[in-house]
Amino acid sequence: MRHYPVMLNEVIENLSLKENSIVIDATLGAAGHSSFILKQIKKGFLIAFDQDKDEIEKSIETLSQIGNNFSVINSNFAEMKDKVKELGYEKVDAILFDLGTSSMQMDDITRGFNYHEEAILDMRMDRRTKLTAKDIVNNYSKEELLRILKEYSDEKFRLPIVNNILKYREKKEIETTIELAEIIKSSVPQKVRNKKHPARKTFQALRVEVNNELEVLKKALNDALSLLNVGGRLCVITFQTKEDMIVKKLFNEVSKEDLITKGDPFISASFIPEFKKIKRIMPSKKELEENNRSRSAILRVIERVHISEKTKEEI
């Protein structure tokens with residue numbers, strides 16, 4: 001399947017790149033966005049992160065055909081701040097997070113993300129880590145399973161799904177994607193099975209738990225904001241409600257003006273928010289027709305407008 005970078009034109013436009021921009025792509029994947037970013041920053045530098053060694057090798061090959069002014073780091077973006085400083089950069093001009101699971105990973109049956117194809121339940125984005133989806137469905141308690149299905153996917157039928165998982169694993173270990181998908185199918189009403197695949201939300205919740213995605217995201221977003229130069233922009237593409245809520249809440253917090261001083265033309269710069277929300281963007285009708293995976297995508301953009309004295313002291 002062709003890799004389709006989500007909202008590519010909107011991302012490139014809102015990163016507000018210059019020829020000498022220093023840019024971070026926190027989620028390299030198949031280098032869909034990074035390829036176009038690198039073309040825009042011929043005198044700048046691209047720093048890209050990905051946990052998946054297999055994808056990195058292919059992406060380096062793609063980027064090398066455009067230029068050599070880039071560095072690809074095989075690491076979780078939670079380590080972004082330290083890794084960027086190790087390269088000698090204190091601040092950068094633009095940062096992108098595309099939080100969708102990459103097409104290459106989804107299409108690789110062996111990774112265990114796909115509930116339509118038979119594979120061992122894995123779901124690790126970084127194969128160097130230990131916890132797998134198989135470990136979770138076979139070893140987590142009823143309470144733990146209910147928690148992740150509620151918190152990470154708000155699965156309406158979580159109780160019958162979890163009860164059937166517990167019942168099944170008493171007889172044998174749950175090993176494959178299809179095994180789990182069939183357990184989930186048997187746990188929901190027939191009318192639900194006829195709509196979207198009933199395993200979708202459970203698989204999403206397992207993937208989030210395996211990769212600790214939401215906690216890692218909170219840390220990484222705060223680090224990303226701290227790395228931005230004045231005028232620098234952070235673009236985040238989310239595909240899940242929980243992710244978008246985290247981004248929205250943080251962007252609201254850091255851009256909020258003090259109600260007492262709001263609108264005062266003589267106010268000290270120390271009271272002015274360091275960030276300004278730019279916009280929230282949904283995929284165009286044309287993109288939705290061409291790329292079904294963009295259907296739940298939301299792009300949020302924020303810009304640093306100044307650095308407070310307190311922040312300067314912390315740097």
# chains A, B, ... in the order shown; residues from 1 in each chain; ligands from 1
>>> residues_around(residues="Asp122 (chain A)", least_positions_apart="2", cutoff="8 Å", atoms="only C-alpha atoms", output="compact mmCIF listing (two decimals) with N, CA, C and O atoms, in the first residue's frame")
# COMPACT_ATOMS: atom_id res chain seq x y z
N ARG A 111 3.62 -7.72 12.82
CA ARG A 111 3.66 -6.81 13.97
C ARG A 111 2.47 -6.99 14.91
O ARG A 111 2.49 -6.51 16.04
N GLY A 112 1.39 -7.61 14.43
CA GLY A 112 0.25 -7.90 15.31
C GLY A 112 -0.68 -6.73 15.58
O GLY A 112 -1.47 -6.76 16.53
N PHE A 113 -0.64 -5.70 14.73
CA PHE A 113 -1.55 -4.56 14.89
C PHE A 113 -2.90 -4.82 14.22
O PHE A 113 -3.89 -4.17 14.53
N ILE A 120 1.05 -13.30 15.64
CA ILE A 120 1.23 -13.32 17.09
C ILE A 120 0.87 -11.94 17.64
O ILE A 120 1.23 -10.91 17.05
N ARG A 124 4.25 -4.08 19.58
CA ARG A 124 5.33 -3.19 20.02
C ARG A 124 5.80 -2.33 18.85
O ARG A 124 6.09 -2.86 17.77
N THR A 132 4.25 -7.10 25.50
CA THR A 132 3.50 -7.29 24.26
C THR A 132 2.01 -7.37 24.57
O THR A 132 1.60 -7.56 25.73
N ALA A 133 1.20 -7.29 23.52
CA ALA A 133 -0.25 -7.43 23.67
C ALA A 133 -0.60 -8.83 24.18
O ALA A 133 -1.56 -9.01 24.94
N LYS A 134 0.17 -9.81 23.79
CA LYS A 134 -0.03 -11.18 24.25
C LYS A 134 0.14 -11.27 25.77
O LYS A 134 -0.63 -11.94 26.47
>>> closest_residue(among="A:Ile302, A:Ala31, A:Ala48, A:Leu225", to="Gln65 (chain A)", atoms="only C-alpha atoms")
A:Ala31
>>> atom_distance(atom1="CA of Leu250 (chain A)", atom2="CA of Leu145 (chain A)")
27.7 Å
>>> select_by_dssp(residues="region 152-307 of chain A", states="helix (DSSP H, G or I)", output="MDAnalysis selection string")
chainID A and resid 152:153 158:171 177:185 190:193 200:210 213:227 241:255 269:271 285:290 292:294
>>> closest_residue(among="A:Lys201, A:Lys167, A:Lys219, A:Lys18", to="Asn76 (chain A)", atoms="only C-alpha atoms")
A:Lys219
>>> residues_around(residues="Lys42 (chain A)", least_positions_apart="5", cutoff="12 Å", atoms="only C-alpha atoms", output="PyMOL selection string")
chain A and resi 17-23+35-37+66-70
>>> closest_residue(among="A:Leu214, A:Ile183, A:Ile278, A:Ala224", to="Asp25 (chain A)", atoms="only C-alpha atoms")
A:Ala224
>>> select_by_dssp(residues="region 104-313 of chain A", states="strand (DSSP E)", output="PyMOL selection string")
chain A and resi 228-238+275-281+298-304
>>> write_last_selection(atoms="N, CA, C and O atoms", output="JSON list (two decimals), in the first residue's frame")
[["chain", "number", "residue", "atom", "x", "y", "z"],
["A", 228, "LEU", "N", 11.22, 25.09, 21.40],
["A", 228, "LEU", "CA", 10.90, 26.01, 20.30],
["A", 228, "LEU", "C", 11.53, 27.38, 20.47],
["A", 228, "LEU", "O", 11.47, 28.00, 21.53],
["A", 229, "ASN", "N", 12.10, 27.89, 19.38],
["A", 229, "ASN", "CA", 12.52, 29.28, 19.29],
["A", 229, "ASN", "C", 11.29, 30.17, 19.25],
["A", 229, "ASN", "O", 10.18, 29.72, 18.93],
["A", 230, "VAL", "N", 11.46, 31.47, 19.50],
["A", 230, "VAL", "CA", 10.38, 32.43, 19.27],
["A", 230, "VAL", "C", 10.03, 32.40, 17.78],
["A", 230, "VAL", "O", 10.93, 32.44, 16.92],
["A", 231, "GLY", "N", 8.76, 32.30, 17.48],
["A", 231, "GLY", "CA", 8.32, 32.16, 16.09],
["A", 231, "GLY", "C", 8.26, 30.72, 15.64],
["A", 231, "GLY", "O", 7.75, 30.41, 14.57],
["A", 232, "GLY", "N", 8.79, 29.80, 16.46],
["A", 232, "GLY", "CA", 8.78, 28.38, 16.12],
["A", 232, "GLY", "C", 7.40, 27.78, 16.32],
["A", 232, "GLY", "O", 6.64, 28.21, 17.19],
["A", 233, "ARG", "N", 7.09, 26.78, 15.54],
["A", 233, "ARG", "CA", 5.76, 26.17, 15.59],
["A", 233, "ARG", "C", 5.82, 24.67, 15.88],
["A", 233, "ARG", "O", 6.73, 23.98, 15.42],
["A", 234, "LEU", "N", 4.80, 24.22, 16.61],
["A", 234, "LEU", "CA", 4.60, 22.80, 16.89],
["A", 234, "LEU", "C", 3.29, 22.37, 16.23],
["A", 234, "LEU", "O", 2.24, 22.97, 16.48],
["A", 235, "CYS", "N", 3.37, 21.36, 15.37],
["A", 235, "CYS", "CA", 2.19, 20.80, 14.71],
["A", 235, "CYS", "C", 2.00, 19.38, 15.23],
["A", 235, "CYS", "O", 2.94, 18.59, 15.23],
["A", 236, "VAL", "N", 0.78, 19.06, 15.64],
["A", 236, "VAL", "CA", 0.48, 17.72, 16.16],
["A", 236, "VAL", "C", -0.75, 17.16, 15.45],
["A", 236, "VAL", "O", -1.81, 17.78, 15.47],
["A", 237, "ILE", "N", -0.58, 15.98, 14.84],
["A", 237, "ILE", "CA", -1.70, 15.28, 14.21],
["A", 237, "ILE", "C", -2.10, 14.12, 15.12],
["A", 237, "ILE", "O", -1.29, 13.24, 15.40],
["A", 238, "THR", "N", -3.35, 14.13, 15.59],
["A", 238, "THR", "CA", -3.86, 13.05, 16.41],
["A", 238, "THR", "C", -4.93, 12.27, 15.65],
["A", 238, "THR", "O", -5.52, 12.77, 14.69],
["A", 275, "PHE", "N", 2.94, 31.19, 24.36],
["A", 275, "PHE", "CA", 2.48, 30.51, 23.14],
["A", 275, "PHE", "C", 1.14, 31.05, 22.67],
["A", 275, "PHE", "O", 0.34, 31.55, 23.47],
["A", 276, "LYS", "N", 0.91, 30.93, 21.39],
["A", 276, "LYS", "CA", -0.35, 31.36, 20.77],
["A", 276, "LYS", "C", -0.88, 30.22, 19.90],
["A", 276, "LYS", "O", -0.15, 29.71, 19.03],
["A", 277, "LYS", "N", -2.12, 29.81, 20.14],
["A", 277, "LYS", "CA", -2.73, 28.79, 19.29],
["A", 277, "LYS", "C", -2.95, 29.38, 17.90],
["A", 277, "LYS", "O", -3.45, 30.50, 17.77],
["A", 278, "ILE", "N", -2.58, 28.63, 16.87],
["A", 278, "ILE", "CA", -2.73, 29.10, 15.50],
["A", 278, "ILE", "C", -4.03, 28.59, 14.89],
["A", 278, "ILE", "O", -4.88, 29.37, 14.48],
["A", 279, "LYS", "N", -4.22, 27.29, 14.84],
["A", 279, "LYS", "CA", -5.46, 26.77, 14.28],
["A", 279, "LYS", "C", -5.62, 25.28, 14.54],
["A", 279, "LYS", "O", -4.69, 24.59, 14.95],
["A", 280, "ARG", "N", -6.84, 24.83, 14.28],
["A", 280, "ARG", "CA", -7.20, 23.40, 14.31],
["A", 280, "ARG", "C", -7.70, 23.06, 12.92],
["A", 280, "ARG", "O", -8.56, 23.75, 12.37],
["A", 281, "ILE", "N", -7.15, 22.00, 12.33],
["A", 281, "ILE", "CA", -7.44, 21.68, 10.93],
["A", 281, "ILE", "C", -7.91, 20.23, 10.80],
["A", 281, "ILE", "O", -7.35, 19.33, 11.43],
["A", 298, "ILE", "N", -6.86, 15.00, 13.29],
["A", 298, "ILE", "CA", -7.00, 16.42, 13.65],
["A", 298, "ILE", "C", -5.59, 16.99, 13.77],
["A", 298, "ILE", "O", -4.73, 16.42, 14.45],
["A", 299, "LEU", "N", -5.36, 18.11, 13.10],
["A", 299, "LEU", "CA", -4.06, 18.80, 13.19],
["A", 299, "LEU", "C", -4.23, 20.06, 14.03],
["A", 299, "LEU", "O", -5.08, 20.91, 13.75],
["A", 300, "ARG", "N", -3.45, 20.16, 15.09],
["A", 300, "ARG", "CA", -3.45, 21.38, 15.92],
["A", 300, "ARG", "C", -2.07, 22.04, 15.82],
["A", 300, "ARG", "O", -1.04, 21.36, 15.81],
["A", 301, "VAL", "N", -2.08, 23.37, 15.78],
["A", 301, "VAL", "CA", -0.85, 24.13, 15.57],
["A", 301, "VAL", "C", -0.72, 25.21, 16.65],
["A", 301, "VAL", "O", -1.70, 25.92, 16.94],
["A", 302, "ILE", "N", 0.46, 25.33, 17.23],
["A", 302, "ILE", "CA", 0.73, 26.36, 18.23],
["A", 302, "ILE", "C", 2.09, 26.99, 17.93],
["A", 302, "ILE", "O", 2.98, 26.34, 17.36],
["A", 303, "GLU", "N", 2.26, 28.26, 18.30],
["A", 303, "GLU", "CA", 3.51, 28.99, 18.02],
["A", 303, "GLU", "C", 4.02, 29.66, 19.28],
["A", 303, "GLU", "O", 3.25, 30.19, 20.08],
["A", 304, "ARG", "N", 5.35, 29.62, 19.46],
["A", 304, "ARG", "CA", 5.94, 30.37, 20.59],
["A", 304, "ARG", "C", 6.03, 31.84, 20.19],
["A", 304, "ARG", "O", 6.62, 32.17, 19.15]]
>>> closest_residue(among="A:Asp50, A:Glu118, A:Asp93, A:Glu209", to="Val72 (chain A)", atoms="only C-alpha atoms")
A:Asp50
>>> atom_distance(atom1="CA of Gly88 (chain A)", atom2="CA of Ile12 (chain A)")
24.8 Å
>>> residues_around(residues="Ser75 (chain A)", least_positions_apart="2", cutoff="10 Å", atoms="only C-alpha atoms", output="PDB file with C-alpha atoms, in the first residue's frame")
ATOM      1  CA  ALA A  26       9.204  13.315  16.182  1.00  0.00           C
ATOM      2  CA  ALA A  48      13.956  12.692  13.020  1.00  0.00           C
ATOM      3  CA  PHE A  49      12.918  10.116  15.614  1.00  0.00           C
ATOM      4  CA  ASP A  50      11.518   6.617  15.278  1.00  0.00           C
ATOM      5  CA  GLN A  51      11.458   3.569  17.548  1.00  0.00           C
ATOM      6  CA  ASP A  52      11.275   1.087  14.689  1.00  0.00           C
ATOM      7  CA  LYS A  53      14.705   0.112  13.365  1.00  0.00           C
ATOM      8  CA  VAL A  72      17.779   9.960  12.278  1.00  0.00           C
ATOM      9  CA  ILE A  73      17.634   8.761  15.884  1.00  0.00           C
ATOM     10  CA  PHE A  77      10.356  10.791  21.204  1.00  0.00           C
ATOM     11  CA  ALA A  78      10.200  10.955  25.013  1.00  0.00           C
ATOM     12  CA  GLU A  79      13.998  11.286  24.792  1.00  0.00           C
ATOM     13  CA  MET A  80      13.787  14.107  22.265  1.00  0.00           C
ATOM     14  CA  LYS A  83      18.979  13.694  22.091  1.00  0.00           C
ATOM     15  CA  ASP A 126       9.943  -0.695  19.440  1.00  0.00           C
TER      16      ASP A 126
END
>>> residues_around(residues="Tyr115 (chain A)", least_positions_apart="4", cutoff="7 Å", atoms="only C-alpha atoms", output="list in words")
Thr177, Ile178, Ala181 and Ala199 of chain A
>>> residues_around(residues="Tyr4 (chain A)", least_positions_apart="5", cutoff="10 Å", atoms="only C-alpha atoms", output="PyMOL selection string")
chain A and resi 30+32-33+102-103+287+290-294
>>> closest_residue(among="A:Asp244, A:Gln40, A:Asp223, A:Leu146", to="Glu90 (chain A)", atoms="only C-alpha atoms")
A:Asp223
>>> atom_distance(atom1="CA of Glu243 (chain A)", atom2="CA of Leu217 (chain A)")
8.0 Å
>>> closest_residue(among="A:Ala94, A:Thr176, A:Lys218, A:Lys43", to="Glu13 (chain A)", atoms="only C-alpha atoms")
A:Ala94
>>> residues_around(residues="Asn139 (chain A)", least_positions_apart="6", cutoff="12 Å", atoms="only C-alpha atoms", output="JSON, numbers by chain")
{"A": [131, 132, 133, 145, 165, 166, 169, 170, 173, 174]}
